[in-house]
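Notes for the one structure printed next.
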Amino acid sequence: MYFDEKLKELRIKAGLTLEQLADALGISESVLDSLETGFQDPNDKELKKITEFFGVTAESLADDQPSVNALSILFANSGGMDMGPLVMAANLPGMSKDLAAKLPPSGEQPMAEMAGAAKYQEYISWDEYFMGIALFSAMRSKDPNTRVGACVVNGDNRILAIGYNGLPAGCSDDEYPWGRQGEDIDTKYPYVCHAELNAILNATASLKGCRMYTALFPCNECAKAIIQAGVREVVYLSDKYRDTPMNEASRRMLKSAGVALRQYEKTGREVKIYL
């Protein structure tokens with residue numbers, strides 16, 4: 001099992017809702033939801049709160065599943081491939097020191113031999129790829145509580161738009177509020193553009209007939225934009241606001257407009273990217 005699955009299992013066994021546990025831990029509900037969905041990893045402070053609350057060790061919450069290391073997989077399945085690029089990658093910061101020693105010198109195996117190599121078997125699916133891009137895009141958001149990304153692709157699986165939640169262009173991230181409590185004008189809500197809307201506004205071509213991948217089920221305002229843009233399917237990861245009036249309104253409009261809704265099924269795959 002992975003950390004997010006173990007955390008959710010502990011919460012359910014304790015008979016707590018997401019909101020109740022968030023209050024007990026003293027962290028935001030959106031952060032806790034991100035931890036439970038695997039959207040983000042806990043920092044040291046959050047991990048300490050979780051382990052102390054449930055009376056468990058950090059080691060017991062660690063992932064039991066092996067991580068997917070792209071270089072290791074490529075090396076194991078390289079066959080007759082030219083390993084030159086991997087030799088270069090193995091020397092990048094963050095890579096294991098002994099990996100380069102295991103790889104043959106560049107050019108030792110001619111490219112012509114690739115014709116007889118077996119097909120690479122560990123590639124990710126389209127759903128994993130596009131949801132991964134949505135989640136990676138979310139990391140650009142400056143919102144301290146909720147980071148959401150969206151990715152829109154056409155029928156040929158070509159990306160036409162990407163977006164994340166943030167302020168409109170020209171509005172300083174340091175001058176506007178990011179809080180969720182207080183008078184409306186003093187919160188983030190009147191100012192922030194959601195990831196789905198930003199993706200639509202950033203589109204490089206018509207989005208008619210396209211499908212959108214998003215980290216969070218779209219709100220009612222984004223649903224209007226999705227419908228008007230002609231998007232025909234929404235694939236979402238989290239649906240934590242499902243029982244709210246705005247979410248119900250969004251779902252009602254999307255269904256009326258014939259937009260297919262599908263919750264992303266987590267595969268449990270972990271991919272590490274060294275930047």
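Ligands are numbered from 1 in the order shown, residues from 1 within each chain, and chains are lettered A, B, ... in the order they appear in the structure tokens.
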At a cut-off of 10 Å, using only C-alpha atoms, what residues contact stretch 153-169 of chain A? Leave out same-chain residues fewer than 5 positions from it and give the result as a ChimeraX atom specification.
/A:126,130,133-143,146-148,176,178,188,190-215,231-232
Would you put the residues from that selection into a file with N, CA and C atoms, as a CSV table (one decimal), in the first residue's frame?
```csv
chain,number,residue,atom,x,y,z
A,126,TRP,N,-2.4,6.6,-21.4
A,126,TRP,CA,-2.8,8.0,-21.8
A,126,TRP,C,-3.4,8.7,-20.5
A,130,PHE,N,-1.9,12.2,-19.1
A,130,PHE,CA,-2.5,13.4,-19.1
A,130,PHE,C,-2.9,13.9,-17.6
A,133,ILE,N,0.2,15.2,-16.2
A,133,ILE,CA,0.5,16.6,-16.7
A,133,ILE,C,-0.4,17.6,-15.9
A,134,ALA,N,-1.6,17.3,-15.7
A,134,ALA,CA,-2.5,18.2,-14.9
A,134,ALA,C,-1.9,18.4,-13.5
A,135,LEU,N,-1.5,17.3,-12.9
A,135,LEU,CA,-1.0,17.4,-11.5
A,135,LEU,C,0.4,18.2,-11.5
A,136,PHE,N,1.2,17.9,-12.5
A,136,PHE,CA,2.5,18.6,-12.6
A,136,PHE,C,2.2,20.1,-12.8
A,137,SER,N,1.2,20.4,-13.7
A,137,SER,CA,0.9,21.8,-13.9
A,137,SER,C,0.4,22.5,-12.6
A,138,ALA,N,-0.3,21.8,-11.8
A,138,ALA,CA,-0.8,22.4,-10.5
A,138,ALA,C,0.3,22.9,-9.6
A,139,MET,N,1.5,22.3,-9.8
A,139,MET,CA,2.7,22.7,-9.0
A,139,MET,C,3.1,24.2,-9.3
A,140,ARG,N,2.6,24.8,-10.3
A,140,ARG,CA,2.8,26.2,-10.7
A,140,ARG,C,2.0,27.1,-9.8
A,141,SER,N,0.9,26.6,-9.2
A,141,SER,CA,0.0,27.4,-8.5
A,141,SER,C,0.6,28.0,-7.2
A,142,LYS,N,0.3,29.3,-6.9
A,142,LYS,CA,0.8,29.9,-5.7
A,142,LYS,C,-0.1,29.8,-4.5
A,143,ASP,N,-1.3,29.2,-4.7
A,143,ASP,CA,-2.3,29.0,-3.7
A,143,ASP,C,-1.7,28.1,-2.6
A,146,THR,N,-4.9,25.1,-1.9
A,146,THR,CA,-5.4,24.2,-2.9
A,146,THR,C,-4.7,24.5,-4.2
A,147,ARG,N,-4.0,23.5,-4.8
A,147,ARG,CA,-3.3,23.6,-6.1
A,147,ARG,C,-4.0,22.6,-7.0
A,148,VAL,N,-4.5,23.2,-8.1
A,148,VAL,CA,-5.3,22.4,-9.1
A,148,VAL,C,-4.7,22.6,-10.5
A,176,TYR,N,-2.5,40.3,-3.5
A,176,TYR,CA,-3.9,39.8,-3.3
A,176,TYR,C,-3.9,38.7,-2.2
A,178,TRP,N,-4.8,35.2,-0.2
A,178,TRP,CA,-5.0,33.8,-0.5
A,178,TRP,C,-5.8,33.1,0.6
A,188,LYS,N,-9.6,34.9,-1.2
A,188,LYS,CA,-9.1,34.6,-2.6
A,188,LYS,C,-10.2,34.5,-3.6
A,190,PRO,N,-12.9,36.0,-4.9
A,190,PRO,CA,-13.3,36.9,-5.9
A,190,PRO,C,-12.2,37.1,-7.0
A,191,TYR,N,-11.0,36.7,-6.7
A,191,TYR,CA,-9.9,37.0,-7.6
A,191,TYR,C,-9.3,35.8,-8.4
A,192,VAL,N,-9.3,34.6,-7.8
A,192,VAL,CA,-8.6,33.5,-8.4
A,192,VAL,C,-9.4,32.9,-9.6
A,193,CYS,N,-8.6,32.6,-10.7
A,193,CYS,CA,-9.2,31.9,-11.9
A,193,CYS,C,-8.8,30.4,-11.7
A,194,HIS,N,-9.8,29.6,-11.8
A,194,HIS,CA,-9.6,28.2,-11.6
A,194,HIS,C,-8.8,27.5,-12.7
A,195,ALA,N,-8.3,26.4,-12.5
A,195,ALA,CA,-7.4,25.7,-13.5
A,195,ALA,C,-8.2,25.4,-14.8
A,196,GLU,N,-9.4,25.0,-14.6
A,196,GLU,CA,-10.2,24.6,-15.8
A,196,GLU,C,-10.4,25.8,-16.7
A,197,LEU,N,-10.8,26.9,-16.1
A,197,LEU,CA,-11.0,28.1,-16.9
A,197,LEU,C,-9.7,28.6,-17.5
A,198,ASN,N,-8.6,28.6,-16.8
A,198,ASN,CA,-7.4,29.1,-17.3
A,198,ASN,C,-6.9,28.2,-18.5
A,199,ALA,N,-7.2,26.9,-18.4
A,199,ALA,CA,-6.8,26.0,-19.5
A,199,ALA,C,-7.6,26.4,-20.7
A,200,ILE,N,-8.9,26.6,-20.6
A,200,ILE,CA,-9.7,27.0,-21.7
A,200,ILE,C,-9.3,28.3,-22.3
A,201,LEU,N,-8.9,29.3,-21.5
A,201,LEU,CA,-8.4,30.6,-21.9
A,201,LEU,C,-7.1,30.5,-22.6
A,202,ASN,N,-6.3,29.5,-22.2
A,202,ASN,CA,-4.9,29.3,-22.8
A,202,ASN,C,-4.9,28.4,-24.0
A,203,ALA,N,-6.1,27.9,-24.4
A,203,ALA,CA,-6.2,26.9,-25.5
A,203,ALA,C,-5.6,27.5,-26.8
A,204,THR,N,-4.9,26.6,-27.5
A,204,THR,CA,-4.2,27.0,-28.8
A,204,THR,C,-5.1,26.6,-30.0
A,205,ALA,N,-6.2,26.0,-29.8
A,205,ALA,CA,-7.1,25.6,-30.9
A,205,ALA,C,-8.5,25.4,-30.3
A,206,SER,N,-9.5,25.1,-31.1
A,206,SER,CA,-10.8,24.8,-30.7
A,206,SER,C,-10.8,23.6,-29.8
A,207,LEU,N,-11.6,23.6,-28.7
A,207,LEU,CA,-11.7,22.5,-27.8
A,207,LEU,C,-12.9,21.7,-28.0
A,208,LYS,N,-13.6,21.9,-29.1
A,208,LYS,CA,-14.8,21.1,-29.4
A,208,LYS,C,-14.5,19.6,-29.5
A,209,GLY,N,-15.2,18.8,-28.8
A,209,GLY,CA,-15.0,17.3,-28.8
A,209,GLY,C,-13.8,16.9,-28.0
A,210,CYS,N,-13.2,17.7,-27.2
A,210,CYS,CA,-12.0,17.4,-26.5
A,210,CYS,C,-12.4,16.8,-25.1
A,211,ARG,N,-11.4,16.2,-24.4
A,211,ARG,CA,-11.6,15.8,-23.0
A,211,ARG,C,-10.6,16.6,-22.1
A,212,MET,N,-11.1,16.8,-20.9
A,212,MET,CA,-10.3,17.6,-19.9
A,212,MET,C,-10.0,16.7,-18.8
A,213,TYR,N,-8.7,16.8,-18.4
A,213,TYR,CA,-8.2,16.1,-17.1
A,213,TYR,C,-8.0,17.2,-16.1
A,214,THR,N,-8.6,17.0,-14.9
A,214,THR,CA,-8.4,18.0,-13.9
A,214,THR,C,-8.3,17.3,-12.5
A,215,ALA,N,-7.5,18.0,-11.6
A,215,ALA,CA,-7.3,17.4,-10.3
A,215,ALA,C,-8.5,17.4,-9.4
A,231,VAL,N,-16.1,21.1,-24.7
A,231,VAL,CA,-15.4,19.9,-24.2
A,231,VAL,C,-16.5,18.8,-24.0
A,232,ARG,N,-16.2,17.5,-24.4
A,232,ARG,CA,-17.2,16.5,-24.3
A,232,ARG,C,-17.0,15.5,-23.2
```
Strand (DSSP E or B) positions in stretch 176-260 of chain A, given as a ChimeraX atom specification:
/A:193,211-216,233-238,260
Shell around A:Thr267 at 12 Å using only C-alpha atoms, local window under 3 positions removed, as a ChimeraX atom specification
/A:1-2,5,37-38,65,124-125,127-129,131-132,237,264,270-271
Please write the residues from the selection above to a file, keeping all heavy atoms, as a compact mmCIF listing (two decimals), in the first residue's frame.
```txt
# COMPACT_ATOMS: atom_id res chain seq x y z
N MET A 1 0.83 -1.19 0.00
CA MET A 1 0.00 0.00 0.00
C MET A 1 0.87 1.25 0.00
O MET A 1 2.02 1.22 0.44
CB MET A 1 -0.91 0.03 1.23
CG MET A 1 -1.97 -1.05 1.28
SD MET A 1 -2.92 -1.02 2.82
CE MET A 1 -3.75 0.56 2.65
N TYR A 2 0.31 2.35 -0.48
CA TYR A 2 1.01 3.62 -0.51
C TYR A 2 0.57 4.48 0.68
O TYR A 2 -0.45 4.22 1.33
CB TYR A 2 0.71 4.35 -1.82
CG TYR A 2 1.30 3.65 -3.02
CD1 TYR A 2 0.55 2.71 -3.72
CD2 TYR A 2 2.59 3.92 -3.44
CE1 TYR A 2 1.09 2.06 -4.82
CE2 TYR A 2 3.13 3.29 -4.54
CZ TYR A 2 2.38 2.35 -5.22
OH TYR A 2 2.90 1.71 -6.31
N GLU A 5 -3.06 5.70 0.73
CA GLU A 5 -4.03 4.64 1.04
C GLU A 5 -4.02 4.32 2.54
O GLU A 5 -5.07 4.08 3.14
CB GLU A 5 -3.71 3.40 0.22
CG GLU A 5 -3.83 3.60 -1.27
CD GLU A 5 -3.28 2.43 -2.08
OE1 GLU A 5 -2.22 1.89 -1.71
OE2 GLU A 5 -3.92 2.05 -3.07
N THR A 37 -5.30 11.64 -1.59
CA THR A 37 -5.44 11.30 -3.01
C THR A 37 -4.09 11.12 -3.68
O THR A 37 -4.02 10.82 -4.87
CB THR A 37 -6.23 12.39 -3.76
OG1 THR A 37 -5.59 13.66 -3.58
CG2 THR A 37 -7.66 12.46 -3.26
N GLY A 38 -3.02 11.31 -2.91
CA GLY A 38 -1.69 11.15 -3.49
C GLY A 38 -1.24 12.34 -4.30
O GLY A 38 -0.24 12.28 -5.01
N GLN A 65 5.13 -0.19 -1.82
CA GLN A 65 5.32 -0.50 -3.24
C GLN A 65 6.62 0.12 -3.73
O GLN A 65 7.01 1.19 -3.30
CB GLN A 65 4.15 0.06 -4.08
CG GLN A 65 2.80 -0.42 -3.62
CD GLN A 65 2.56 -1.87 -3.94
OE1 GLN A 65 3.29 -2.45 -4.72
NE2 GLN A 65 1.55 -2.47 -3.36
N ILE A 124 3.57 4.50 -19.51
CA ILE A 124 2.35 4.86 -18.80
C ILE A 124 1.19 4.97 -19.79
O ILE A 124 1.38 5.19 -20.98
CB ILE A 124 2.51 6.18 -18.02
CG1 ILE A 124 2.84 7.35 -18.95
CG2 ILE A 124 3.59 6.02 -16.95
CD1 ILE A 124 2.93 8.68 -18.25
N SER A 125 -0.03 4.85 -19.28
CA SER A 125 -1.22 4.93 -20.12
C SER A 125 -1.51 6.39 -20.46
O SER A 125 -0.95 7.32 -19.85
CB SER A 125 -2.42 4.33 -19.39
OG SER A 125 -2.79 5.15 -18.29
N ASP A 127 -4.28 7.98 -19.80
CA ASP A 127 -4.90 8.59 -18.62
C ASP A 127 -3.84 9.00 -17.61
O ASP A 127 -3.90 10.10 -17.03
CB ASP A 127 -5.89 7.62 -17.97
CG ASP A 127 -7.30 7.75 -18.54
OD1 ASP A 127 -7.49 8.57 -19.46
OD2 ASP A 127 -8.20 7.04 -18.07
N GLU A 128 -2.87 8.13 -17.36
CA GLU A 128 -1.79 8.45 -16.42
C GLU A 128 -0.99 9.65 -16.93
O GLU A 128 -0.62 10.55 -16.16
CB GLU A 128 -0.87 7.25 -16.25
CG GLU A 128 -1.48 6.10 -15.46
CD GLU A 128 -0.57 4.89 -15.44
OE1 GLU A 128 0.00 4.54 -16.49
OE2 GLU A 128 -0.43 4.29 -14.35
N TYR A 129 -0.73 9.64 -18.22
CA TYR A 129 0.07 10.71 -18.82
C TYR A 129 -0.60 12.07 -18.67
O TYR A 129 0.00 13.03 -18.18
CB TYR A 129 0.29 10.37 -20.30
CG TYR A 129 1.08 11.37 -21.09
CD1 TYR A 129 2.28 11.88 -20.62
CD2 TYR A 129 0.63 11.79 -22.34
CE1 TYR A 129 3.02 12.78 -21.37
CE2 TYR A 129 1.36 12.68 -23.11
CZ TYR A 129 2.56 13.18 -22.61
OH TYR A 129 3.28 14.07 -23.37
N MET A 131 -3.31 12.96 -16.77
CA MET A 131 -3.59 13.37 -15.39
C MET A 131 -2.28 13.78 -14.72
O MET A 131 -2.25 14.72 -13.91
CB MET A 131 -4.25 12.23 -14.61
CG MET A 131 -4.67 12.63 -13.19
SD MET A 131 -5.85 14.03 -13.14
CE MET A 131 -7.37 13.21 -13.66
N GLY A 132 -1.21 13.10 -15.07
CA GLY A 132 0.10 13.48 -14.54
C GLY A 132 0.49 14.89 -14.95
O GLY A 132 1.03 15.65 -14.15
N LEU A 237 -9.91 13.86 -10.71
CA LEU A 237 -9.27 13.03 -9.69
C LEU A 237 -10.03 13.08 -8.37
O LEU A 237 -10.52 12.08 -7.88
CB LEU A 237 -7.82 13.49 -9.48
CG LEU A 237 -7.02 12.74 -8.41
CD1 LEU A 237 -6.91 11.26 -8.75
CD2 LEU A 237 -5.63 13.37 -8.27
N TYR A 264 -11.09 9.59 -12.34
CA TYR A 264 -9.82 8.91 -12.66
C TYR A 264 -9.57 7.78 -11.67
O TYR A 264 -9.71 7.95 -10.47
CB TYR A 264 -8.68 9.92 -12.61
CG TYR A 264 -7.31 9.31 -12.79
CD1 TYR A 264 -6.84 8.97 -14.05
CD2 TYR A 264 -6.48 9.09 -11.69
CE1 TYR A 264 -5.58 8.42 -14.23
CE2 TYR A 264 -5.22 8.54 -11.86
CZ TYR A 264 -4.77 8.22 -13.12
OH TYR A 264 -3.52 7.67 -13.29
N GLU A 270 4.04 5.13 -9.15
CA GLU A 270 4.80 6.28 -8.67
C GLU A 270 5.93 6.55 -9.64
O GLU A 270 6.70 5.65 -9.98
CB GLU A 270 5.38 6.03 -7.27
CG GLU A 270 6.15 7.22 -6.74
CD GLU A 270 6.73 6.97 -5.35
OE1 GLU A 270 6.73 5.78 -4.93
OE2 GLU A 270 7.19 7.90 -4.71
N VAL A 271 5.99 7.77 -10.12
CA VAL A 271 7.02 8.16 -11.08
C VAL A 271 7.85 9.28 -10.49
O VAL A 271 7.31 10.29 -10.05
CB VAL A 271 6.39 8.62 -12.42
CG1 VAL A 271 7.47 9.05 -13.40
CG2 VAL A 271 5.54 7.50 -13.02
```
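Those residues that approach A:Ser30 to within 8 Å, counting only C-alpha atoms, are Ser28, Leu32, Asp33, Ser34, Asn145 and Thr146 of chain A; same-chain residues fewer than 2 positions away are not listed.
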How would the residues just picked look written out with all heavy atoms as a PDB file, in the first residue's frame?
```pdb
ATOM      1  N   SER A  28      -5.299  22.186   6.874  1.00  0.00           N
ATOM      2  CA  SER A  28      -6.474  22.480   6.064  1.00  0.00           C
ATOM      3  C   SER A  28      -7.055  21.203   5.457  1.00  0.00           C
ATOM      4  O   SER A  28      -6.346  20.228   5.212  1.00  0.00           O
ATOM      5  CB  SER A  28      -6.120  23.460   4.940  1.00  0.00           C
ATOM      6  OG  SER A  28      -5.330  22.837   3.957  1.00  0.00           O
ATOM      7  N   LEU A  32      -5.243  17.928   3.494  1.00  0.00           N
ATOM      8  CA  LEU A  32      -5.485  16.544   3.883  1.00  0.00           C
ATOM      9  C   LEU A  32      -6.030  15.741   2.707  1.00  0.00           C
ATOM     10  O   LEU A  32      -5.650  14.584   2.493  1.00  0.00           O
ATOM     11  CB  LEU A  32      -6.462  16.484   5.060  1.00  0.00           C
ATOM     12  CG  LEU A  32      -6.773  15.081   5.603  1.00  0.00           C
ATOM     13  CD1 LEU A  32      -5.500  14.380   6.063  1.00  0.00           C
ATOM     14  CD2 LEU A  32      -7.770  15.161   6.747  1.00  0.00           C
ATOM     15  N   ASP A  33      -6.929  16.336   1.940  1.00  0.00           N
ATOM     16  CA  ASP A  33      -7.472  15.653   0.765  1.00  0.00           C
ATOM     17  C   ASP A  33      -6.369  15.369  -0.246  1.00  0.00           C
ATOM     18  O   ASP A  33      -6.334  14.303  -0.861  1.00  0.00           O
ATOM     19  CB  ASP A  33      -8.568  16.510   0.122  1.00  0.00           C
ATOM     20  CG  ASP A  33      -9.187  15.837  -1.093  1.00  0.00           C
ATOM     21  OD1 ASP A  33      -9.938  14.863  -0.904  1.00  0.00           O
ATOM     22  OD2 ASP A  33      -8.916  16.268  -2.217  1.00  0.00           O
ATOM     23  N   SER A  34      -5.442  16.318  -0.413  1.00  0.00           N
ATOM     24  CA  SER A  34      -4.328  16.114  -1.331  1.00  0.00           C
ATOM     25  C   SER A  34      -3.427  14.978  -0.863  1.00  0.00           C
ATOM     26  O   SER A  34      -2.906  14.212  -1.667  1.00  0.00           O
ATOM     27  CB  SER A  34      -3.501  17.404  -1.454  1.00  0.00           C
ATOM     28  OG  SER A  34      -4.251  18.426  -2.071  1.00  0.00           O
ATOM     29  N   ASN A 145      -3.187  26.621  -0.137  1.00  0.00           N
ATOM     30  CA  ASN A 145      -4.109  25.597   0.355  1.00  0.00           C
ATOM     31  C   ASN A 145      -4.557  24.612  -0.712  1.00  0.00           C
ATOM     32  O   ASN A 145      -4.634  23.412  -0.462  1.00  0.00           O
ATOM     33  CB  ASN A 145      -5.345  26.263   0.975  1.00  0.00           C
ATOM     34  CG  ASN A 145      -5.009  27.073   2.199  1.00  0.00           C
ATOM     35  OD1 ASN A 145      -4.447  26.563   3.158  1.00  0.00           O
ATOM     36  ND2 ASN A 145      -5.345  28.358   2.167  1.00  0.00           N
ATOM     37  N   THR A 146      -4.878  25.099  -1.883  1.00  0.00           N
ATOM     38  CA  THR A 146      -5.416  24.238  -2.935  1.00  0.00           C
ATOM     39  C   THR A 146      -4.692  24.498  -4.246  1.00  0.00           C
ATOM     40  O   THR A 146      -4.741  25.607  -4.777  1.00  0.00           O
ATOM     41  CB  THR A 146      -6.925  24.490  -3.137  1.00  0.00           C
ATOM     42  OG1 THR A 146      -7.596  24.323  -1.893  1.00  0.00           O
ATOM     43  CG2 THR A 146      -7.499  23.503  -4.144  1.00  0.00           C
TER      44      THR A 146
END
```
